[in-house]
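**Q** Dropping the structure in here first, questions after.
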2 protein chains.
Amino acid sequence: MEPVRRKALVDAALRVIGDHGSLAVTMSDIARQAGVSPALAHHYFGSKEQLLIETIRSLLRQLRSDTVAALKAARTPRARLSAVIRVSFHADQFAPGTIAAWLAFYAEAQRSEETRRFLVIYARRLRSNLLADLKVLLPADAAERIAEGAAAMIDGLYIRQSLKSAPIGIEASIALTEDYLNALLAIASPSPRSEKGRPHRTTQGQMT
Amino acid sequence: MEPVRRKALVDAALRVIGDHGSLAVTMSDIARQAGVSPALAHHYFGSKEQLLIETIRSLLRQLRSDTVAALKAARTPRARLSAVIRVSFHADQFAPGTIAAWLAFYAEAQRSEETRRFLVIYARRLRSNLLADLKVLLPADAAERIAEGAAAMIDGLYIRQSLKSAPIGIEASIALTEDYLNALLAIASPSPRSEKGRPHRTTQGQMT
DNA sequence: TTTTATTGATTGATCAGTCAATCAAAAATA
DNA sequence: TATTTTTGATTGACTGATCAATCAATAAAA
């Protein structure tokens with residue numbers, strides 16, 4: 001029963017957080033949504049904080065697995081960059097529970113060291129996934145700058161979508177990020193004919 | 001006394017939110033920090049929610065006034081764009097209370113319509129401040145896209161700085177945003193000699 | 001005297017977390 | 001196989017703490 005209940009409670013937490021729009025949900029709410037007693041939720045997770053931490057962990061796990069799948073399907077470095085972007089704006093990421101959870105966890109990271117660690121892992125993965133392919137196309141220093149810029153733009157656009165403050169839709173957000181990459185690739189890319197400053201086309205490992 | 005107390009309480013709220021790292025602070029904490037009784041805080045603000053809303057309002061007011069001042073000092077459209085960027089990354093924005101408040105308010109916006117409205121105002125102002133000057137330099141459609149992209153990048157970099165997940169500092173964040181603008185201005189800018197596609201150099205009103 | 005500022009004391013509600021008790025299934029024993 | 005025992009799953013009832021909000025009372029100023 002344990003794995004079944006744990007999953008049911010984490011899913012319920014996400015659902016309730018979405019409905020409620022905040023992390024300030026009660027164990028009772030979550031347990032009710034999962035169809036069990038509050039006492040059972042405490043039995044399996046020990047504390048509300050742990051249940052919430054498992055919830056963000058599951059969000060990260062899902063995102064990673066989507067990313068791995070998308071990267072596997074892409075054939076070229078440039079296509080892999082597009083795949084990373086597309087996954088970041090996948091419809092799943094905009095489920096109400098997912099949006100509320102991400103935003104609430106950013107806030108929570110100011111208090112909970114463990115939550116902060118998970119978000120740092122997320123931020124690093126995103127940057128690293130972009131960096132691996134950019135390094136194939138650009139000198140290392142340019143690749144690093146652009147990876148950070150693209151990651152930030154993705155995060156920023158996600159937040160603006162979540163607030164529905166952006167005058168643009170999801171497809172346009174993807175296009176904006178692509179434009180950024182295209183523009184900076186065009187400028188920073190060493191000309192193929194140039195003798196020096198040629199990028200090293202070493203195979204890059206990839207954090208996912 | 002009223003204006004004095006209101007300001008003291010709002011400042012205290014920001015301070016306490018920063019210390020605590022979340023909006024889950026008590027009226028007692030805030031009142032104690034302001035050196036008054038909790039009852040007085042209720043007397044002047046009616047509810048905790050209202051006090052918190054006044055707090056975000058004061059954050060926005062401060063940011064606007066900084067922006068107005070910076071814009072006034074800048075001479076060219078390009079300089080005004082830089083000014084907007086620089087204000088977004090001003091040290092004040094990284095005071096612990098300010099960081100915690102912004103992040104917490106993003107989360108809160110999922111629940112509180114009023115909070116959401118303020119954040120939408122912020123997002124629109126930032127976009128609009130960029131747009132006004134971009135429109136002088138670029139055709140309207142390109143200007144709009146780039147304004148949204150730059151605003152998103154600023155927000156994203158701010159969050160990454162707040163989490164301290166970015167491998168770069170504040171100056172580098174500013175430089176990254178500038179690079180984005182430079183790159184897209186270079187590409188999207190109609191050649192000065194070209195006959196068509198010339199931008200209209202109408203004077204633009206500016207939302208601040 | 002009227003108005004404003006201020007607080008101590010209190011209330012009513014909400015919750016995380018605990019615990020002892022029940023129930024059922026599986027394992028051990030006869 | 002029939003039985004007892006053990007283990008895990010589950011809950012209802014409870015507790016202790018926390019807090020937002022209220023209010024009647026006091027002090028001070030106008």
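Chain labels A, B, ... are given in the sequence in which chains occur in the structure tokens; within each chain residues are numbered consecutively from 1, and ligands are likewise numbered from 1 in the order shown.
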Restrict the distance test to only C-alpha atoms (C1' of nucleotides), flag each residue of chain C within 10 Å of chain B, and return the flagged residues as a PDB file with N, CA and C atoms (P, O5', C5', C4', C3', O3' and C1' of nucleotides), in the first residue's frame.
**A**
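Result went into part_26.pdb, see below:
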```pdb
ATOM      1  P    DT C   4     -11.765  62.061  14.687  1.00  0.00           P
ATOM      2  O5'  DT C   4     -10.337  61.541  15.164  1.00  0.00           O
ATOM      3  C5'  DT C   4      -9.348  62.489  15.554  1.00  0.00           C
ATOM      4  C4'  DT C   4      -8.258  61.770  16.313  1.00  0.00           C
ATOM      5  C3'  DT C   4      -7.846  60.433  15.696  1.00  0.00           C
ATOM      6  O3'  DT C   4      -6.444  60.492  15.476  1.00  0.00           O
ATOM      7  C1'  DT C   4      -8.186  60.212  18.022  1.00  0.00           C
ATOM      8  P    DA C   5      -5.632  59.233  14.953  1.00  0.00           P
ATOM      9  O5'  DA C   5      -5.076  58.669  16.334  1.00  0.00           O
ATOM     10  C5'  DA C   5      -4.236  59.494  17.119  1.00  0.00           C
ATOM     11  C4'  DA C   5      -3.593  58.681  18.223  1.00  0.00           C
ATOM     12  C3'  DA C   5      -2.977  57.365  17.751  1.00  0.00           C
ATOM     13  O3'  DA C   5      -1.712  57.237  18.384  1.00  0.00           O
ATOM     14  C1'  DA C   5      -4.589  56.938  19.441  1.00  0.00           C
ATOM     15  P    DT C   6      -0.794  55.994  18.078  1.00  0.00           P
ATOM     16  O5'  DT C   6      -1.316  54.956  19.144  1.00  0.00           O
ATOM     17  C5'  DT C   6      -1.135  55.268  20.531  1.00  0.00           C
ATOM     18  C4'  DT C   6      -1.731  54.182  21.378  1.00  0.00           C
ATOM     19  C3'  DT C   6      -1.406  52.760  20.925  1.00  0.00           C
ATOM     20  O3'  DT C   6      -0.320  52.273  21.695  1.00  0.00           O
ATOM     21  C1'  DT C   6      -3.644  53.006  21.756  1.00  0.00           C
ATOM     22  P    DT C   7       0.249  50.801  21.395  1.00  0.00           P
ATOM     23  O5'  DT C   7      -0.621  49.960  22.439  1.00  0.00           O
ATOM     24  C5'  DT C   7      -0.665  50.403  23.788  1.00  0.00           C
ATOM     25  C4'  DT C   7      -1.679  49.589  24.557  1.00  0.00           C
ATOM     26  C3'  DT C   7      -1.470  48.079  24.451  1.00  0.00           C
ATOM     27  O3'  DT C   7      -1.364  47.554  25.752  1.00  0.00           O
ATOM     28  C1'  DT C   7      -3.739  48.635  24.093  1.00  0.00           C
ATOM     29  P    DG C   8      -0.487  46.306  26.047  1.00  0.00           P
ATOM     30  O5'  DG C   8      -1.450  45.586  27.094  1.00  0.00           O
ATOM     31  C5'  DG C   8      -2.202  46.385  28.024  1.00  0.00           C
ATOM     32  C4'  DG C   8      -3.349  45.554  28.556  1.00  0.00           C
ATOM     33  C3'  DG C   8      -3.030  44.070  28.719  1.00  0.00           C
ATOM     34  O3'  DG C   8      -3.694  43.604  29.895  1.00  0.00           O
ATOM     35  C1'  DG C   8      -4.746  44.333  27.082  1.00  0.00           C
TER      36       DG C   8
END
```
**Q** Determine, for each residue of chain D having at least one atom at most 8 Å from an atom of chain A, the closest pair of atoms and their separation in Å to one decimal, counting only C-alpha atoms (C1' of nucleotides); order by chain and ascending number, as JSON lines.
**A**
```
{"residue": "D:DA9", "atom": "C1'", "partner": "A:Met1", "partner_atom": "CA", "distance": 7.8}
{"residue": "D:DT10", "atom": "C1'", "partner": "A:Leu40", "partner_atom": "CA", "distance": 6.8}
{"residue": "D:DT11", "atom": "C1'", "partner": "A:Ser37", "partner_atom": "CA", "distance": 6.6}
```
**Q** Write a file of the selected residues as an mmCIF file, in the first residue's frame, keeping N, CA and C atoms (P, O5', C5', C4', C3', O3' and C1' of nucleotides).
**A**
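Wrote again22.cif, looks like this:
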```cif
data_model
loop_
_atom_site.group_PDB
_atom_site.id
_atom_site.type_symbol
_atom_site.label_atom_id
_atom_site.label_comp_id
_atom_site.auth_asym_id
_atom_site.auth_seq_id
_atom_site.Cartn_x
_atom_site.Cartn_y
_atom_site.Cartn_z
ATOM 1 P P DA D 9 1.832 -0.863 5.342
ATOM 2 O "O5'" DA D 9 0.281 -0.755 5.708
ATOM 3 C "C5'" DA D 9 -0.635 -1.660 5.093
ATOM 4 C "C4'" DA D 9 -2.057 -1.183 5.314
ATOM 5 C "C3'" DA D 9 -2.279 0.307 5.034
ATOM 6 O "O3'" DA D 9 -3.507 0.423 4.338
ATOM 7 C "C1'" DA D 9 -2.859 -0.171 7.278
ATOM 8 P P DT D 10 -3.984 1.875 3.845
ATOM 9 O "O5'" DT D 10 -4.804 2.368 5.113
ATOM 10 C "C5'" DT D 10 -5.963 1.617 5.497
ATOM 11 C "C4'" DT D 10 -6.542 2.229 6.732
ATOM 12 C "C3'" DT D 10 -6.619 3.755 6.735
ATOM 13 O "O3'" DT D 10 -7.923 4.139 6.377
ATOM 14 C "C1'" DT D 10 -6.047 2.830 8.878
ATOM 15 P P DT D 11 -8.275 5.709 6.270
ATOM 16 O "O5'" DT D 11 -8.798 5.960 7.744
ATOM 17 C "C5'" DT D 11 -9.811 5.092 8.261
ATOM 18 C "C4'" DT D 11 -10.019 5.377 9.732
ATOM 19 C "C3'" DT D 11 -10.331 6.841 10.045
ATOM 20 O "O3'" DT D 11 -11.609 6.888 10.656
ATOM 21 C "C1'" DT D 11 -8.717 5.967 11.540
#
```
**Q** Excluding C:DG17 and any residue of its chain fewer than 5 positions from it, enumerate the residues within 9 Å of it, using only C-alpha atoms (C1' of nucleotides), and give them as a CSV table (one decimal) with N, CA and C atoms, in the first residue's frame.
**A**
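Listing of result.csv after writing:
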```csv
chain,number,residue,atom,x,y,z
A,39,ALA,N,-4.5,11.5,9.3
A,39,ALA,CA,-3.6,10.7,10.1
A,39,ALA,C,-2.7,9.8,9.2
A,42,HIS,N,0.1,11.8,7.6
A,42,HIS,CA,1.2,12.0,8.6
A,42,HIS,C,2.0,10.7,8.8
A,46,GLY,N,5.3,11.8,7.7
A,46,GLY,CA,5.9,12.4,8.9
A,46,GLY,C,5.6,13.8,9.1
A,47,SER,N,5.6,14.6,8.1
A,47,SER,CA,5.2,16.0,8.3
A,47,SER,C,4.7,16.6,7.0
```
**Q** Please report as a compact mmCIF listing (two decimals) with C-alpha atoms, in the first residue's frame which residues of chain A come no farther than 6 Å from chain B, using only C-alpha atoms.
**A**
```txt
# COMPACT_ATOMS: atom_id res chain seq x y z
CA GLY A 21 -3.54 28.53 -5.42
CA LEU A 103 5.56 29.79 -7.90
CA ALA A 104 4.90 28.79 -4.31
CA ALA A 107 8.75 31.69 -2.49
CA GLN A 110 13.54 31.67 0.82
CA ARG A 111 12.69 29.70 3.97
CA VAL A 120 18.79 25.24 -7.81
CA ALA A 152 16.48 33.15 -17.74
CA MET A 153 14.26 34.06 -20.67
CA ASP A 155 11.88 31.24 -16.67
CA GLY A 156 10.74 34.81 -17.20
CA LEU A 157 8.36 33.92 -19.98
CA SER A 165 0.30 39.24 -17.89
```
**Q** Fewer than 4 positions away in the same chain doesn't count, so skip those; otherwise give me all residues within 9 Å of stretch 20-30 of chain C, counting only C-alpha atoms (C1' of nucleotides), as a list in words.
**A** DA2, DT3, DT4, DT5, DT6, DT7, DG8, DA9, DT10 and DT11 of chain D
**Q** Fewer than 5 positions away in the same chain doesn't count, so skip those; otherwise give me all residues within 8 Å of A:Val84, counting only C-alpha atoms (C1' of nucleotides), as number ranges by chain.
**A** A: 67, 70-71, 126, 129-130
**Q** Could you pull out the alpha helix (DSSP H) residues of stretch 44-93 of chain B from DSSP and send them as a VMD selection string?
**A** chain B and resid 44 to 45 48 to 73 77 to 88
**Q** Could you save those same residues with N, CA and C atoms as a tab-separated table (two decimals), in the first residue's frame?
**A**
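Result went into part.tsv, see below:
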```
chain	number	residue	atom	x	y	z
B	44	TYR	N	-5.52	50.28	11.80
B	44	TYR	CA	-5.23	51.10	10.62
B	44	TYR	C	-5.41	50.37	9.30
B	45	PHE	N	-5.25	49.06	9.29
B	45	PHE	CA	-5.32	48.37	8.01
B	45	PHE	C	-6.55	47.47	7.86
B	48	LYS	N	-5.03	41.76	7.76
B	48	LYS	CA	-3.68	41.43	7.39
B	48	LYS	C	-3.52	41.54	5.87
B	49	GLU	N	-4.50	41.04	5.15
B	49	GLU	CA	-4.41	41.07	3.70
B	49	GLU	C	-4.22	42.50	3.20
B	50	GLN	N	-4.94	43.43	3.75
B	50	GLN	CA	-4.81	44.82	3.31
B	50	GLN	C	-3.41	45.36	3.58
B	51	LEU	N	-2.88	45.03	4.74
B	51	LEU	CA	-1.52	45.48	5.06
B	51	LEU	C	-0.53	44.93	4.04
B	52	LEU	N	-0.71	43.66	3.70
B	52	LEU	CA	0.19	43.04	2.72
B	52	LEU	C	0.02	43.69	1.34
B	53	ILE	N	-1.19	44.02	1.02
B	53	ILE	CA	-1.42	44.67	-0.28
B	53	ILE	C	-0.79	46.06	-0.31
B	54	GLU	N	-0.89	46.77	0.79
B	54	GLU	CA	-0.22	48.07	0.86
B	54	GLU	C	1.29	47.89	0.73
B	55	THR	N	1.77	46.78	1.23
B	55	THR	CA	3.20	46.53	1.16
B	55	THR	C	3.67	46.36	-0.28
B	56	ILE	N	2.95	45.58	-1.04
B	56	ILE	CA	3.36	45.41	-2.43
B	56	ILE	C	3.18	46.73	-3.18
B	57	ARG	N	2.13	47.46	-2.83
B	57	ARG	CA	1.92	48.75	-3.46
B	57	ARG	C	3.12	49.65	-3.23
B	58	SER	N	3.67	49.60	-2.05
B	58	SER	CA	4.81	50.48	-1.75
B	58	SER	C	6.05	50.04	-2.52
B	59	LEU	N	6.17	48.74	-2.71
B	59	LEU	CA	7.28	48.22	-3.51
B	59	LEU	C	7.18	48.76	-4.94
B	60	LEU	N	5.98	48.70	-5.48
B	60	LEU	CA	5.76	49.17	-6.85
B	60	LEU	C	6.01	50.66	-6.96
B	61	ARG	N	5.57	51.39	-5.95
B	61	ARG	CA	5.73	52.84	-5.96
B	61	ARG	C	7.22	53.21	-6.00
B	62	GLN	N	7.96	52.51	-5.17
B	62	GLN	CA	9.39	52.77	-5.10
B	62	GLN	C	10.07	52.48	-6.45
B	63	LEU	N	9.70	51.35	-7.01
B	63	LEU	CA	10.30	50.96	-8.28
B	63	LEU	C	9.95	51.98	-9.36
B	64	ARG	N	8.71	52.43	-9.33
B	64	ARG	CA	8.32	53.41	-10.34
B	64	ARG	C	9.12	54.69	-10.18
B	65	SER	N	9.25	55.13	-8.94
B	65	SER	CA	9.93	56.41	-8.77
B	65	SER	C	11.41	56.30	-9.15
B	66	ASP	N	12.03	55.16	-8.84
B	66	ASP	CA	13.41	54.96	-9.29
B	66	ASP	C	13.49	54.98	-10.81
B	67	THR	N	12.50	54.36	-11.44
B	67	THR	CA	12.51	54.28	-12.89
B	67	THR	C	12.34	55.67	-13.51
B	68	VAL	N	11.42	56.42	-12.95
B	68	VAL	CA	11.20	57.78	-13.47
B	68	VAL	C	12.49	58.59	-13.39
B	69	ALA	N	13.14	58.50	-12.25
B	69	ALA	CA	14.38	59.26	-12.06
B	69	ALA	C	15.44	58.82	-13.07
B	70	ALA	N	15.57	57.51	-13.25
B	70	ALA	CA	16.60	57.00	-14.16
B	70	ALA	C	16.29	57.40	-15.60
B	71	LEU	N	15.03	57.37	-15.96
B	71	LEU	CA	14.65	57.73	-17.33
B	71	LEU	C	14.91	59.21	-17.59
B	72	LYS	N	14.66	59.99	-16.57
B	72	LYS	CA	14.85	61.42	-16.74
B	72	LYS	C	16.31	61.75	-17.03
B	73	ALA	N	17.20	60.98	-16.42
B	73	ALA	CA	18.63	61.27	-16.58
B	73	ALA	C	19.18	60.79	-17.92
B	77	PRO	N	17.19	57.23	-26.67
B	77	PRO	CA	16.37	56.03	-26.50
B	77	PRO	C	17.20	54.84	-26.03
B	78	ARG	N	18.35	54.66	-26.65
B	78	ARG	CA	19.18	53.52	-26.26
B	78	ARG	C	19.62	53.65	-24.79
B	79	ALA	N	19.93	54.86	-24.38
B	79	ALA	CA	20.34	55.08	-22.99
B	79	ALA	C	19.18	54.83	-22.04
B	80	ARG	N	17.98	55.18	-22.48
B	80	ARG	CA	16.82	54.92	-21.62
B	80	ARG	C	16.57	53.44	-21.45
B	81	LEU	N	16.81	52.67	-22.51
B	81	LEU	CA	16.67	51.21	-22.38
B	81	LEU	C	17.65	50.69	-21.32
B	82	SER	N	18.86	51.18	-21.39
B	82	SER	CA	19.86	50.75	-20.39
B	82	SER	C	19.44	51.17	-18.99
B	83	ALA	N	18.85	52.32	-18.89
B	83	ALA	CA	18.43	52.82	-17.59
B	83	ALA	C	17.36	51.90	-16.98
B	84	VAL	N	16.42	51.51	-17.81
B	84	VAL	CA	15.36	50.62	-17.32
B	84	VAL	C	15.96	49.30	-16.83
B	85	ILE	N	16.88	48.79	-17.59
B	85	ILE	CA	17.54	47.53	-17.18
B	85	ILE	C	18.27	47.73	-15.86
B	86	ARG	N	19.02	48.82	-15.79
B	86	ARG	CA	19.84	49.03	-14.60
B	86	ARG	C	18.97	49.17	-13.34
B	87	VAL	N	17.87	49.86	-13.47
B	87	VAL	CA	16.98	50.01	-12.31
B	87	VAL	C	16.45	48.65	-11.86
B	88	SER	N	16.15	47.79	-12.82
B	88	SER	CA	15.61	46.48	-12.47
B	88	SER	C	16.57	45.66	-11.63
```
**Q** Write out as a list of chain:residue names each polymer residue whose atoms come within 12 Å of D:DT18, counting only C-alpha atoms (C1' of nucleotides); drop sequence neighbours fewer than 4 positions from it.
**A**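 Contacts, with the query itself left out: B:Ala24, B:Val25, B:Thr26, B:Met27, B:Ser28, C:DA13, C:DT14, C:DC15, C:DA16.
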**Q** Could the residues in this selection be saved with N, CA and C atoms (P, O5', C5', C4', C3', O3' and C1' of nucleotides) as a short mmCIF file (atom, residue, chain, number, x, y, z; two decimals), in the first residue's frame?
**A**
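Result file out38.cif:
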```cif
data_model
loop_
_atom_site.label_atom_id
_atom_site.label_comp_id
_atom_site.auth_asym_id
_atom_site.auth_seq_id
_atom_site.Cartn_x
_atom_site.Cartn_y
_atom_site.Cartn_z
N ALA B 24 4.00 34.32 5.35
CA ALA B 24 3.36 33.71 6.51
C ALA B 24 3.90 34.31 7.79
N VAL B 25 3.80 35.61 7.90
CA VAL B 25 4.22 36.30 9.11
C VAL B 25 2.97 36.72 9.86
N THR B 26 3.09 36.92 11.15
CA THR B 26 1.90 37.27 11.92
C THR B 26 1.81 38.79 12.08
N MET B 27 0.60 39.23 12.30
CA MET B 27 0.39 40.64 12.58
C MET B 27 1.20 41.04 13.81
N SER B 28 1.31 40.13 14.76
CA SER B 28 2.08 40.43 15.98
C SER B 28 3.54 40.70 15.63
P DA C 13 -16.30 29.73 15.87
"O5'" DA C 13 -15.15 29.47 14.81
"C5'" DA C 13 -14.38 30.58 14.38
"C4'" DA C 13 -13.16 30.13 13.65
"C3'" DA C 13 -13.20 28.68 13.14
"O3'" DA C 13 -12.92 28.70 11.75
"C1'" DA C 13 -11.25 29.07 14.48
P DT C 14 -12.78 27.35 10.95
"O5'" DT C 14 -11.20 27.14 10.89
"C5'" DT C 14 -10.36 28.29 10.77
"C4'" DT C 14 -8.93 27.82 10.81
"C3'" DT C 14 -8.71 26.44 10.18
"O3'" DT C 14 -7.55 26.52 9.38
"C1'" DT C 14 -7.86 26.47 12.38
P DC C 15 -7.38 25.51 8.14
"O5'" DC C 15 -6.20 24.61 8.67
"C5'" DC C 15 -5.88 24.72 10.01
"C4'" DC C 15 -4.46 24.34 10.26
"C3'" DC C 15 -4.14 22.93 9.77
"O3'" DC C 15 -2.76 22.85 9.47
"C1'" DC C 15 -4.29 22.97 12.14
P DA C 16 -2.21 21.64 8.54
"O5'" DA C 16 -1.01 21.14 9.44
"C5'" DA C 16 -0.05 22.08 9.87
"C4'" DA C 16 0.72 21.50 11.02
"C3'" DA C 16 1.32 20.13 10.77
"O3'" DA C 16 2.61 20.09 11.37
"C1'" DA C 16 -0.22 19.99 12.57
#
```
**Q** Can you pull out every residue within 12 Å of C:DT10, counting only C-alpha atoms (C1' of nucleotides), but drop anything in the same chain fewer than 5 positions away, and send it as an mmCIF file with N, CA and C atoms (P, O5', C5', C4', C3', O3' and C1' of nucleotides), in the first residue's frame?
**A**
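Output below, filename part_31.cif:
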```cif
data_model
loop_
_atom_site.group_PDB
_atom_site.id
_atom_site.type_symbol
_atom_site.label_atom_id
_atom_site.label_comp_id
_atom_site.auth_asym_id
_atom_site.auth_seq_id
_atom_site.Cartn_x
_atom_site.Cartn_y
_atom_site.Cartn_z
ATOM 1 P P DA D 21 -7.743 39.231 9.640
ATOM 2 O "O5'" DA D 21 -8.753 39.579 10.819
ATOM 3 C "C5'" DA D 21 -9.720 38.597 11.177
ATOM 4 C "C4'" DA D 21 -10.427 39.038 12.446
ATOM 5 C "C3'" DA D 21 -10.771 40.530 12.522
ATOM 6 O "O3'" DA D 21 -12.176 40.649 12.679
ATOM 7 C "C1'" DA D 21 -9.820 39.757 14.560
ATOM 8 P P DT D 22 -12.881 42.061 12.858
ATOM 9 O "O5'" DT D 22 -13.159 42.066 14.422
ATOM 10 C "C5'" DT D 22 -13.696 40.885 15.022
ATOM 11 C "C4'" DT D 22 -14.032 41.164 16.479
ATOM 12 C "C3'" DT D 22 -14.608 42.549 16.761
ATOM 13 O "O3'" DT D 22 -15.745 42.374 17.609
ATOM 14 C "C1'" DT D 22 -12.734 42.159 18.154
ATOM 15 P P DC D 23 -16.808 43.558 17.758
ATOM 16 O "O5'" DC D 23 -16.537 44.011 19.255
ATOM 17 C "C5'" DC D 23 -16.007 43.059 20.193
ATOM 18 C "C4'" DC D 23 -15.661 43.762 21.487
ATOM 19 C "C3'" DC D 23 -16.156 45.218 21.537
ATOM 20 O "O3'" DC D 23 -16.471 45.527 22.876
ATOM 21 C "C1'" DC D 23 -13.843 45.186 21.791
ATOM 22 P P DA D 24 -17.743 46.439 23.236
ATOM 23 O "O5'" DA D 24 -17.596 46.468 24.811
ATOM 24 C "C5'" DA D 24 -16.871 45.419 25.486
ATOM 25 C "C4'" DA D 24 -15.812 46.034 26.385
ATOM 26 C "C3'" DA D 24 -16.207 47.386 26.988
ATOM 27 O "O3'" DA D 24 -15.741 47.441 28.326
ATOM 28 C "C1'" DA D 24 -14.195 47.628 25.793
#
```
**Q** Given the choices B:Ile30, B:Glu114, B:Asp141, B:Glu171, which gets closest to B:His90 if the distance is worked out from only C-alpha atoms?
**A**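 Ranking B:Ile30, B:Glu114, B:Asp141, B:Glu171 by distance to B:His90, first place goes to B:Glu171.
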